[in-house]
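With mmCIF, C-alpha atoms and all ligand atoms inside, this is final-v3.cif:
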data_my_file
#
loop_
_atom_site.label_atom_id
_atom_site.label_comp_id
_atom_site.auth_asym_id
_atom_site.auth_seq_id
_atom_site.Cartn_x
_atom_site.Cartn_y
_atom_site.Cartn_z
CA MET K 7 -33.00 -34.06 23.45
CA LYS K 8 -32.13 -36.89 25.81
CA GLU K 9 -30.14 -36.04 28.93
CA LEU K 10 -28.42 -38.28 31.42
CA THR K 11 -27.29 -37.02 34.82
CA ILE K 12 -25.04 -39.25 36.88
CA ARG K 13 -22.76 -38.87 39.86
CA LYS K 14 -19.36 -37.60 38.78
CA ALA K 15 -17.07 -40.45 37.84
CA ASP K 16 -14.11 -41.93 39.68
CA ASP K 17 -11.44 -42.68 37.12
CA MET K 18 -9.52 -45.34 39.02
CA HIS K 19 -6.51 -45.32 36.65
CA VAL K 20 -5.26 -42.21 34.87
CA HIS K 21 -1.92 -40.79 33.76
CA LEU K 22 -1.84 -37.03 34.27
CA ARG K 23 1.89 -36.61 33.55
CA GLN K 24 3.77 -33.41 34.49
CA ASN K 25 4.44 -29.83 33.39
CA GLU K 26 2.76 -28.72 30.18
CA MET K 27 1.15 -32.11 29.53
CA LEU K 28 -0.40 -32.06 33.02
CA ARG K 29 -1.78 -28.57 32.38
CA ASN K 30 -3.24 -29.69 29.06
CA VAL K 31 -4.90 -32.92 30.18
CA LEU K 32 -6.01 -32.32 33.79
CA GLY K 33 -9.10 -30.29 32.85
CA TYR K 34 -10.76 -33.17 30.98
CA THR K 35 -10.45 -35.52 33.93
CA ALA K 36 -11.44 -32.85 36.47
CA LEU K 37 -14.50 -31.95 34.38
CA GLN K 38 -15.92 -35.47 34.32
CA CYS K 39 -14.61 -36.92 37.58
CA GLY K 40 -14.94 -36.18 41.27
CA ARG K 41 -11.78 -38.18 41.90
CA ALA K 42 -9.14 -40.05 39.96
CA LEU K 43 -6.37 -42.45 40.90
CA ILE K 44 -3.19 -40.84 39.59
CA MET K 45 -0.58 -43.22 38.24
CA PRO K 46 2.98 -42.85 39.56
CA ASN K 47 5.01 -43.65 36.41
CA THR K 48 6.15 -40.07 36.03
CA THR K 49 9.73 -39.06 35.24
CA PRO K 50 11.17 -39.39 37.82
CA PRO K 51 8.67 -41.83 39.34
CA ILE K 52 6.76 -41.44 42.61
CA LEU K 53 8.88 -43.52 44.99
CA THR K 54 9.17 -41.51 48.18
CA VAL K 55 6.75 -39.69 50.47
CA GLN K 56 8.29 -36.42 49.28
CA ASP K 57 7.64 -37.37 45.64
CA LEU K 58 4.03 -38.16 46.43
CA VAL K 59 3.45 -34.98 48.42
CA ASN K 60 5.10 -32.84 45.74
CA TYR K 61 3.12 -34.44 42.92
CA ARG K 62 -0.15 -33.97 44.78
CA GLU K 63 0.74 -30.31 45.44
CA THR K 64 1.54 -29.78 41.78
CA ILE K 65 -1.79 -31.24 40.71
CA VAL K 66 -3.75 -29.32 43.33
CA SER K 67 -2.05 -26.06 42.39
CA GLU K 68 -2.87 -26.74 38.74
CA LEU K 69 -6.51 -27.18 39.76
CA GLY K 70 -6.52 -23.60 41.04
CA ASP K 71 -9.72 -22.81 42.93
CA ARG K 72 -11.47 -25.90 41.62
CA THR K 73 -12.27 -27.88 44.75
CA ASP K 74 -14.64 -30.47 43.31
CA PHE K 75 -11.89 -32.78 42.09
CA THR K 76 -9.63 -34.83 44.36
CA PRO K 77 -6.52 -36.59 43.11
CA LEU K 78 -6.05 -39.97 44.81
CA MET K 79 -2.32 -40.53 45.01
CA THR K 80 -0.29 -43.66 44.35
CA PHE K 81 3.35 -44.69 44.62
CA LYS K 82 5.33 -47.21 42.64
CA VAL K 83 5.87 -50.58 44.29
CA VAL K 84 9.46 -51.44 43.34
CA PRO K 85 11.96 -54.03 44.60
CA ALA K 86 13.13 -51.51 47.24
CA THR K 87 9.64 -50.83 48.66
CA SER K 88 9.82 -51.80 52.34
CA ALA K 89 7.10 -52.13 54.97
CA ALA K 90 8.40 -48.86 56.48
CA ILE K 91 7.95 -47.04 53.16
CA VAL K 92 4.39 -48.36 52.93
CA GLN K 93 3.62 -47.11 56.44
CA ASP K 94 5.01 -43.67 55.63
CA MET K 95 3.03 -43.57 52.39
CA LYS K 96 -0.14 -44.30 54.33
CA LYS K 97 0.62 -41.42 56.70
CA ALA K 98 1.15 -39.16 53.68
CA GLY K 99 -2.31 -40.08 52.40
CA ALA K 100 -1.49 -42.57 49.63
CA THR K 101 -4.48 -44.53 48.36
CA ALA K 102 -2.71 -47.29 46.43
CA GLY K 103 0.64 -48.72 45.41
CA LYS K 104 1.11 -49.57 41.74
CA LEU K 105 3.26 -52.52 40.78
CA TYR K 106 4.77 -52.51 37.29
CA PRO K 107 6.50 -55.72 36.25
CA ASP K 108 9.89 -54.92 34.77
CA GLY K 109 9.86 -53.40 31.29
CA VAL K 110 6.27 -54.17 30.32
CA THR K 111 5.08 -50.61 29.66
CA THR K 112 5.91 -46.89 29.59
CA ASN K 113 8.45 -46.00 32.30
CA SER K 114 8.50 -49.45 33.90
CA GLU K 115 12.23 -50.07 33.62
CA GLY K 116 13.66 -51.31 36.93
CA GLY K 117 10.25 -52.76 37.81
CA VAL K 118 9.49 -55.99 39.59
CA THR K 119 10.67 -59.42 38.44
CA ASP K 120 10.42 -61.31 41.74
CA PHE K 121 6.84 -60.92 42.96
CA GLU K 122 7.42 -62.97 46.12
CA ALA K 123 10.30 -60.80 47.26
CA LEU K 124 7.71 -58.08 47.87
CA TYR K 125 5.71 -60.07 50.44
CA PRO K 126 6.72 -57.71 53.29
CA ALA K 127 5.38 -54.78 51.24
CA TYR K 128 2.08 -56.57 50.46
CA GLU K 129 1.73 -57.45 54.13
CA ALA K 130 2.19 -53.81 55.12
CA MET K 131 -0.28 -52.71 52.45
CA GLU K 132 -2.81 -55.23 53.72
CA LYS K 133 -2.34 -53.91 57.27
CA GLU K 134 -2.47 -50.23 56.32
CA GLY K 135 -5.43 -50.58 53.95
CA ILE K 136 -3.45 -49.53 50.88
CA VAL K 137 -4.75 -51.03 47.65
CA LEU K 138 -2.33 -53.01 45.47
CA CYS K 139 -2.80 -52.07 41.81
CA LEU K 140 -1.22 -54.57 39.45
CA HIS K 141 -0.13 -54.00 35.89
CA GLY K 142 -0.82 -57.65 35.18
CA GLU K 143 1.65 -58.65 32.50
CA MET K 144 4.45 -61.18 32.86
CA PRO K 145 7.80 -59.89 31.58
CA GLY K 146 9.32 -62.08 28.89
CA ALA K 147 6.07 -63.83 27.89
CA PHE K 148 4.84 -63.49 24.29
CA SER K 149 3.12 -60.11 24.03
CA LEU K 150 -0.40 -61.47 23.44
CA ASP K 151 0.00 -63.96 26.31
CA ARG K 152 1.56 -61.64 28.88
CA GLU K 153 -1.67 -60.99 30.76
CA SER K 154 -2.79 -64.62 30.87
CA ALA K 155 0.71 -65.61 31.99
CA PHE K 156 0.41 -63.21 34.94
CA LEU K 157 -2.84 -64.61 36.32
CA ASP K 158 -1.18 -67.34 38.42
CA THR K 159 0.80 -64.61 40.17
CA LEU K 160 -2.45 -62.74 40.85
CA ARG K 161 -4.07 -65.90 42.24
CA THR K 162 -1.09 -66.58 44.52
CA ILE K 163 -0.89 -63.05 45.94
CA ALA K 164 -4.68 -62.98 46.43
CA SER K 165 -4.71 -66.27 48.32
CA ASP K 166 -1.65 -65.40 50.44
CA PHE K 167 -3.08 -61.97 51.38
CA PRO K 168 -6.84 -62.47 51.70
CA LYS K 169 -7.39 -59.04 53.25
CA LEU K 170 -5.26 -57.13 50.74
CA LYS K 171 -7.39 -55.26 48.21
CA ILE K 172 -6.00 -56.01 44.77
CA VAL K 173 -6.96 -54.43 41.44
CA LEU K 174 -5.96 -56.09 38.21
CA GLU K 175 -5.54 -52.95 36.11
CA HIS K 176 -6.80 -52.62 32.53
CA ALA K 177 -7.92 -56.22 32.04
CA THR K 178 -7.81 -57.15 28.35
CA THR K 179 -8.63 -60.85 28.11
CA ALA K 180 -11.53 -63.22 28.69
CA ASP K 181 -9.07 -65.21 30.85
CA ALA K 182 -8.51 -62.24 33.13
CA ILE K 183 -12.24 -61.61 33.53
CA ALA K 184 -12.83 -65.27 34.42
CA CYS K 185 -9.94 -65.21 36.87
CA VAL K 186 -11.17 -62.07 38.66
CA LEU K 187 -14.67 -63.54 38.82
CA SER K 188 -13.26 -66.70 40.39
CA LEU K 189 -11.37 -64.83 43.14
CA PRO K 190 -12.88 -63.50 46.37
CA HIS K 191 -14.22 -59.98 46.94
CA ASN K 192 -10.79 -58.53 47.68
CA VAL K 193 -9.92 -58.77 43.97
CA ALA K 194 -11.38 -56.45 41.33
CA ALA K 195 -10.41 -55.22 37.87
CA THR K 196 -10.47 -51.91 36.08
CA LEU K 197 -11.62 -51.72 32.48
CA THR K 198 -10.40 -48.98 30.17
CA VAL K 199 -12.52 -47.13 27.64
CA HIS K 200 -10.43 -48.11 24.63
CA HIS K 201 -10.30 -51.85 25.38
CA LEU K 202 -14.11 -51.86 25.37
CA PHE K 203 -14.01 -50.58 21.78
CA ILE K 204 -10.97 -51.98 19.99
CA THR K 205 -9.26 -55.25 19.15
CA LEU K 206 -5.77 -55.96 17.89
CA ASP K 207 -7.11 -55.46 14.37
CA ASP K 208 -7.65 -51.76 15.11
CA VAL K 209 -3.95 -51.52 15.93
CA ILE K 210 -2.34 -53.67 13.21
CA GLY K 211 -5.12 -55.27 11.15
CA ASP K 212 -4.90 -52.68 8.37
CA LYS K 213 -2.33 -49.89 8.36
CA LEU K 214 -0.53 -49.49 11.68
CA ASN K 215 -2.42 -47.14 14.02
CA PRO K 216 0.06 -46.06 16.69
CA HIS K 217 -2.60 -43.99 18.47
CA VAL K 218 -4.32 -47.12 19.78
CA PHE K 219 -1.07 -48.90 20.60
CA CYS K 220 -1.02 -49.45 24.34
CA LYS K 221 -0.07 -51.94 27.02
CA PRO K 222 -1.56 -54.38 27.51
CA ILE K 223 -2.14 -54.57 23.75
CA ALA K 224 -5.79 -54.98 22.67
CA LYS K 225 -6.60 -58.63 22.04
CA ARG K 226 -9.12 -60.76 20.10
CA PRO K 227 -12.80 -59.94 19.44
CA GLU K 228 -13.91 -62.57 21.97
CA ASP K 229 -11.70 -60.92 24.59
CA ARG K 230 -13.22 -57.50 23.87
CA ASP K 231 -16.68 -59.07 24.10
CA ALA K 232 -15.83 -60.51 27.52
CA LEU K 233 -14.73 -57.05 28.70
CA VAL K 234 -17.93 -55.44 27.41
CA LYS K 235 -19.98 -58.15 29.08
CA ALA K 236 -18.15 -57.52 32.37
CA ALA K 237 -18.64 -53.74 32.13
CA LEU K 238 -22.34 -54.16 31.41
CA SER K 239 -22.87 -56.93 33.94
CA GLY K 240 -23.54 -54.77 36.97
CA ASN K 241 -20.94 -56.81 38.85
CA PRO K 242 -19.13 -54.58 41.38
CA LYS K 243 -15.80 -56.30 40.66
CA PHE K 244 -15.52 -54.34 37.39
CA PHE K 245 -15.20 -50.57 37.31
CA LEU K 246 -13.77 -47.72 35.29
CA GLY K 247 -10.06 -47.06 35.10
CA SER K 248 -9.66 -45.20 31.82
CA ASP K 249 -5.87 -45.62 31.60
CA SER K 250 -5.93 -42.35 29.70
CA ALA K 251 -2.24 -42.12 28.79
CA PRO K 252 -1.38 -39.08 26.67
CA HIS K 253 1.76 -39.00 24.53
CA LEU K 254 2.71 -36.27 22.07
CA ILE K 255 1.85 -37.17 18.47
CA SER K 256 5.57 -36.92 17.72
CA ASN K 257 6.24 -39.68 20.26
CA LYS K 258 3.48 -41.90 18.85
CA GLU K 259 4.19 -41.41 15.14
CA ASN K 260 7.73 -42.46 15.72
CA ALA K 261 9.99 -45.40 14.84
CA CYS K 262 9.97 -46.26 18.56
CA GLY K 263 6.37 -45.32 19.30
CA ALA K 264 5.15 -44.87 22.88
CA ALA K 265 2.39 -47.07 24.33
CA GLY K 266 -0.75 -45.37 25.65
CA VAL K 267 -4.16 -44.11 24.47
CA TYR K 268 -5.45 -40.63 25.36
CA THR K 269 -9.08 -41.21 26.29
CA ALA K 270 -9.75 -38.48 28.86
CA PRO K 271 -11.50 -36.01 26.50
CA VAL K 272 -13.99 -38.64 25.31
CA MET K 273 -14.27 -40.76 28.44
CA LEU K 274 -17.91 -40.38 29.49
CA PRO K 275 -19.33 -39.67 26.00
CA ALA K 276 -17.73 -42.85 24.63
CA LEU K 277 -19.00 -44.91 27.57
CA CYS K 278 -22.49 -43.43 27.16
CA GLU K 279 -22.39 -44.48 23.54
CA LEU K 280 -21.41 -48.04 24.45
CA PHE K 281 -23.90 -48.46 27.29
CA ALA K 282 -26.70 -46.90 25.17
CA LYS K 283 -25.91 -49.23 22.27
CA HIS K 284 -26.51 -52.18 24.58
CA ASP K 285 -29.54 -50.54 26.17
CA LYS K 286 -27.75 -50.44 29.54
CA LEU K 287 -27.51 -46.71 30.25
CA ASN K 288 -29.13 -47.45 33.60
CA LEU K 289 -25.93 -49.29 34.64
CA LEU K 290 -23.45 -46.62 33.51
CA GLU K 291 -23.29 -44.78 36.83
CA LEU K 292 -22.56 -47.99 38.72
CA PHE K 293 -19.59 -48.67 36.48
CA THR K 294 -18.21 -45.12 36.40
CA SER K 295 -19.12 -43.72 39.79
CA VAL K 296 -20.15 -46.35 42.34
CA TYR K 297 -18.26 -49.65 42.18
CA GLY K 298 -14.78 -48.11 42.19
CA ALA K 299 -15.59 -45.97 45.22
CA LYS K 300 -17.10 -48.95 47.04
CA PHE K 301 -14.08 -51.16 46.37
CA TYR K 302 -11.72 -48.43 47.57
CA GLY K 303 -13.89 -47.76 50.63
CA LEU K 304 -14.64 -44.15 49.62
CA PRO K 305 -17.91 -42.23 49.99
CA LEU K 306 -19.74 -41.72 46.70
CA ASN K 307 -19.17 -38.43 44.88
CA GLU K 308 -21.94 -35.98 45.62
CA SER K 309 -21.65 -33.74 42.58
CA SER K 310 -23.08 -34.81 39.28
CA ILE K 311 -22.46 -34.43 35.58
CA THR K 312 -24.96 -34.24 32.77
CA LEU K 313 -24.50 -35.73 29.32
CA ILE K 314 -26.73 -34.92 26.37
CA GLU K 315 -27.55 -36.90 23.26
CA GLU K 316 -26.20 -34.65 20.54
CA SER K 317 -23.93 -35.57 17.67
CA TRP K 318 -20.36 -34.19 17.51
CA THR K 319 -17.09 -35.08 15.89
CA VAL K 320 -14.09 -35.82 18.09
CA PRO K 321 -11.30 -33.35 17.18
CA GLU K 322 -8.19 -34.73 15.50
CA GLU K 323 -5.90 -33.26 18.11
CA PHE K 324 -5.73 -31.51 21.46
CA GLN K 325 -2.47 -29.64 22.12
CA SER K 326 -0.36 -32.04 20.01
CA VAL K 327 -1.99 -35.18 21.42
CA LYS K 328 -4.42 -37.26 19.38
CA PRO K 329 -7.44 -38.36 21.41
CA PHE K 330 -9.09 -41.75 21.17
CA LEU K 331 -11.79 -41.83 18.46
CA ALA K 332 -10.30 -38.73 16.75
CA GLY K 333 -12.39 -37.83 13.72
CA SER K 334 -15.28 -40.16 14.71
CA LYS K 335 -18.83 -39.09 15.35
CA LEU K 336 -20.19 -39.63 18.84
CA SER K 337 -23.82 -39.17 19.72
CA TRP K 338 -23.34 -38.23 23.39
CA ARG K 339 -21.44 -35.26 24.78
CA VAL K 340 -20.83 -33.55 28.09
CA HIS K 341 -23.47 -30.87 28.70
CA PRO K 342 -22.02 -27.46 27.70
CA ASP K 343 -22.87 -26.02 31.13
CA ALA K 344 -20.70 -28.61 32.85
CA GLY K 345 -17.60 -26.53 32.09
CA LYS K 346 -19.06 -23.15 33.02
CA SER K 347 -17.13 -22.96 36.26
CA LYS K 348 -14.58 -20.16 36.16
CA THR K 349 -11.88 -22.34 37.65
CA LYS K 350 -8.52 -22.87 35.99
CA ALA K 351 -8.80 -26.58 35.24
CA ALA K 352 -12.33 -26.32 33.88
CA ALA K 353 -11.43 -23.33 31.77
CA SER K 354 -8.56 -25.22 30.18
CA ALA K 355 -10.90 -27.99 29.04
CA LYS K 356 -13.08 -27.11 26.12
CA VAL K 357 -16.38 -28.83 26.74
CA LEU K 358 -16.86 -31.46 24.09
C1 LIG K 401 0.77 -46.18 30.09
C2 LIG K 401 1.58 -44.87 29.99
O1 LIG K 401 1.76 -44.36 28.89
O2 LIG K 401 2.00 -44.36 31.03
N1 LIG K 401 0.77 -46.82 28.81
C3 LIG K 401 -0.11 -47.74 28.35
O3 LIG K 401 0.11 -48.25 27.25
N2 LIG K 401 -1.18 -48.07 29.03
C4 LIG K 401 1.33 -47.06 31.16
C5 LIG K 401 0.44 -48.23 31.52
O4 LIG K 401 -0.59 -48.08 32.18
O5 LIG K 401 0.77 -49.36 31.12
ZN ZN K 402 -1.90 -46.96 32.84
#
Can you present the structure in this file as structure tokens?
Ligand code: NCD
Ligand code: ZN
Amino acid sequence: MKELTIRKADDMHVHLRQNEMLRNVLGYTALQCGRALIMPNTTPPILTVQDLVNYRETIVSELGDRTDFTPLMTFKVVPATSAAIVQDMKKAGATAGKLYPDGVTTNSEGGVTDFEALYPAYEAMEKEGIVLCLHGEMPGAFSLDRESAFLDTLRTIASDFPKLKIVLEHATTADAIACVLSLPHNVAATLTVHHLFITLDDVIGDKLNPHVFCKPIAKRPEDRDALVKAALSGNPKFFLGSDSAPHLISNKENACGAAGVYTAPVMLPALCELFAKHDKLNLLELFTSVYGAKFYGLPLNESSITLIEESWTVPEEFQSVKPFLAGSKLSWRVHPDAGKSKTKAAASAKVL
């Protein structure tokens, strides 16, 4: 049986939610990752230092005595975010600020429409070393063009703030990959697991599949190919941000279905599958566990995780949430011993 041991991953974009959902999903991320960048689009959102501190405490208390996972905290960058707020967030230990353009995704109402009005906030982030994470979609543009329509805004912010670290989150188009490649080293992009697998046809090409409906929406085959090429390229500008975004099945199979794909339970096995298929398993660790840390200026995770080549079928459901690739066969899985720790978060995650 083939085994692959890599440094634990850094998932540089994950939605852990709150309350029961947090309890149900945290274990999968904590099992596979040493750290993860926790998105702030909770209800209510993470806007103040107190919100950030409370959310971190909630996550840490949910982790119990598990000390090998660190949540990296973020706050929402909104029209009211001042330089003073950014400075206070830095003192409270924030890693990044996440900017959601108005109305483009789950819980982004009241988001940003005037990107230039936030220049004082970007300047403070540049000074404090806080990363600017962009949900790169232009409000009001046609849905398939929203990401491409945002790229001029990315170019402008990047050239006006050359020392600000900027991440274009969940890139979905060949245009976005080319744009990030053309910009200097202060600009990188995260790639999700699901966008490396699916196109718009998986969402609406046959019967509607609400479980792979997400923002930005998956695009054309040539876009997916550009993302795969970027992930497999060994270029440090591209690293893992799963965008695992769990929603209850009842909120997905719904006349007003929520956007988001729950990838956490299959994150590393699915990536192993993809990298193995392209004979690039040797580059997996760079993508999952090295380039993100380097961009964020973090030391590399010291603990490791082992995956084994063994066939299994992804369950249809975990606690009323349907995971990505539900019902499909995968040929890699997390080593059963990886979850043997007695800690609360690990115990809550069945090893897959
Ligand atoms: C995310 C969510 O559900 O919070 N949804 C999604 O479709 N990706 C928000 C986001 O990252 O856009
Ligand atoms: Zn997200």
**Report entry** Expected answer as a PyMOL selection string: all residues with atoms within 10 Å of (9.1, -53.3, 32.2), all atoms listed in the file
**Finding:** chain K and resi 106-119+141+143-146
**Report entry** Residues within 9 Å of ligand ZN 402 (chain K), counting all atoms listed in the file, as an MDAnalysis selection string
**Finding:** chainID K and resid 19:21 45 47 111:112 141 175:176 220:221 247:251 266
Store the residues picked out above in a file with C-alpha atoms, as a CSV table (one decimal), in the frame of the given file.
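Okay, result11.csv is ready:
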chain,number,residue,atom,x,y,z
K,19,HIS,CA,-6.5,-45.3,36.6
K,20,VAL,CA,-5.3,-42.2,34.9
K,21,HIS,CA,-1.9,-40.8,33.8
K,45,MET,CA,-0.6,-43.2,38.2
K,47,ASN,CA,5.0,-43.6,36.4
K,111,THR,CA,5.1,-50.6,29.7
K,112,THR,CA,5.9,-46.9,29.6
K,141,HIS,CA,-0.1,-54.0,35.9
K,175,GLU,CA,-5.5,-53.0,36.1
K,176,HIS,CA,-6.8,-52.6,32.5
K,220,CYS,CA,-1.0,-49.4,24.3
K,221,LYS,CA,-0.1,-51.9,27.0
K,247,GLY,CA,-10.1,-47.1,35.1
K,248,SER,CA,-9.7,-45.2,31.8
K,249,ASP,CA,-5.9,-45.6,31.6
K,250,SER,CA,-5.9,-42.4,29.7
K,251,ALA,CA,-2.2,-42.1,28.8
K,266,GLY,CA,-0.8,-45.4,25.6
Just want the 9 Å neighbourhood of K:Ser256, counted on only C-alpha atoms, with same-chain residues fewer than 3 positions away dropped. Output as a short mmCIF file (atom, residue, chain, number, x, y, z; two decimals) with C-alpha atoms, in the frame of the given file.
data_model
loop_
_atom_site.label_atom_id
_atom_site.label_comp_id
_atom_site.auth_asym_id
_atom_site.auth_seq_id
_atom_site.Cartn_x
_atom_site.Cartn_y
_atom_site.Cartn_z
CA HIS K 253 1.76 -39.00 24.53
CA GLU K 259 4.19 -41.41 15.14
CA ASN K 260 7.73 -42.46 15.72
CA GLY K 263 6.37 -45.32 19.30
CA SER K 326 -0.36 -32.04 20.01
CA VAL K 327 -1.99 -35.18 21.42
#
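We find atom CA of K:Ala90 and atom CA of K:Ala130 to be spaced 8.1 Å apart.
Distances to K:Thr312 were evaluated for K:Thr35, K:Thr162, K:Thr11, K:Asn192 using all atoms listed in the file, and the minimum falls at K:Thr11.
Closest to ligand LIG 401 (chain K) among K:Val137, K:Thr178, K:Ala100, K:Asp94 is K:Thr178, based on all atoms listed in the file.
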Report summary line: From the list K:Tyr268, K:Phe245, K:Tyr61, K:Tyr34, the nearest residue to ligand LIG 401 (chain K) using all atoms listed in the file is K:Tyr268
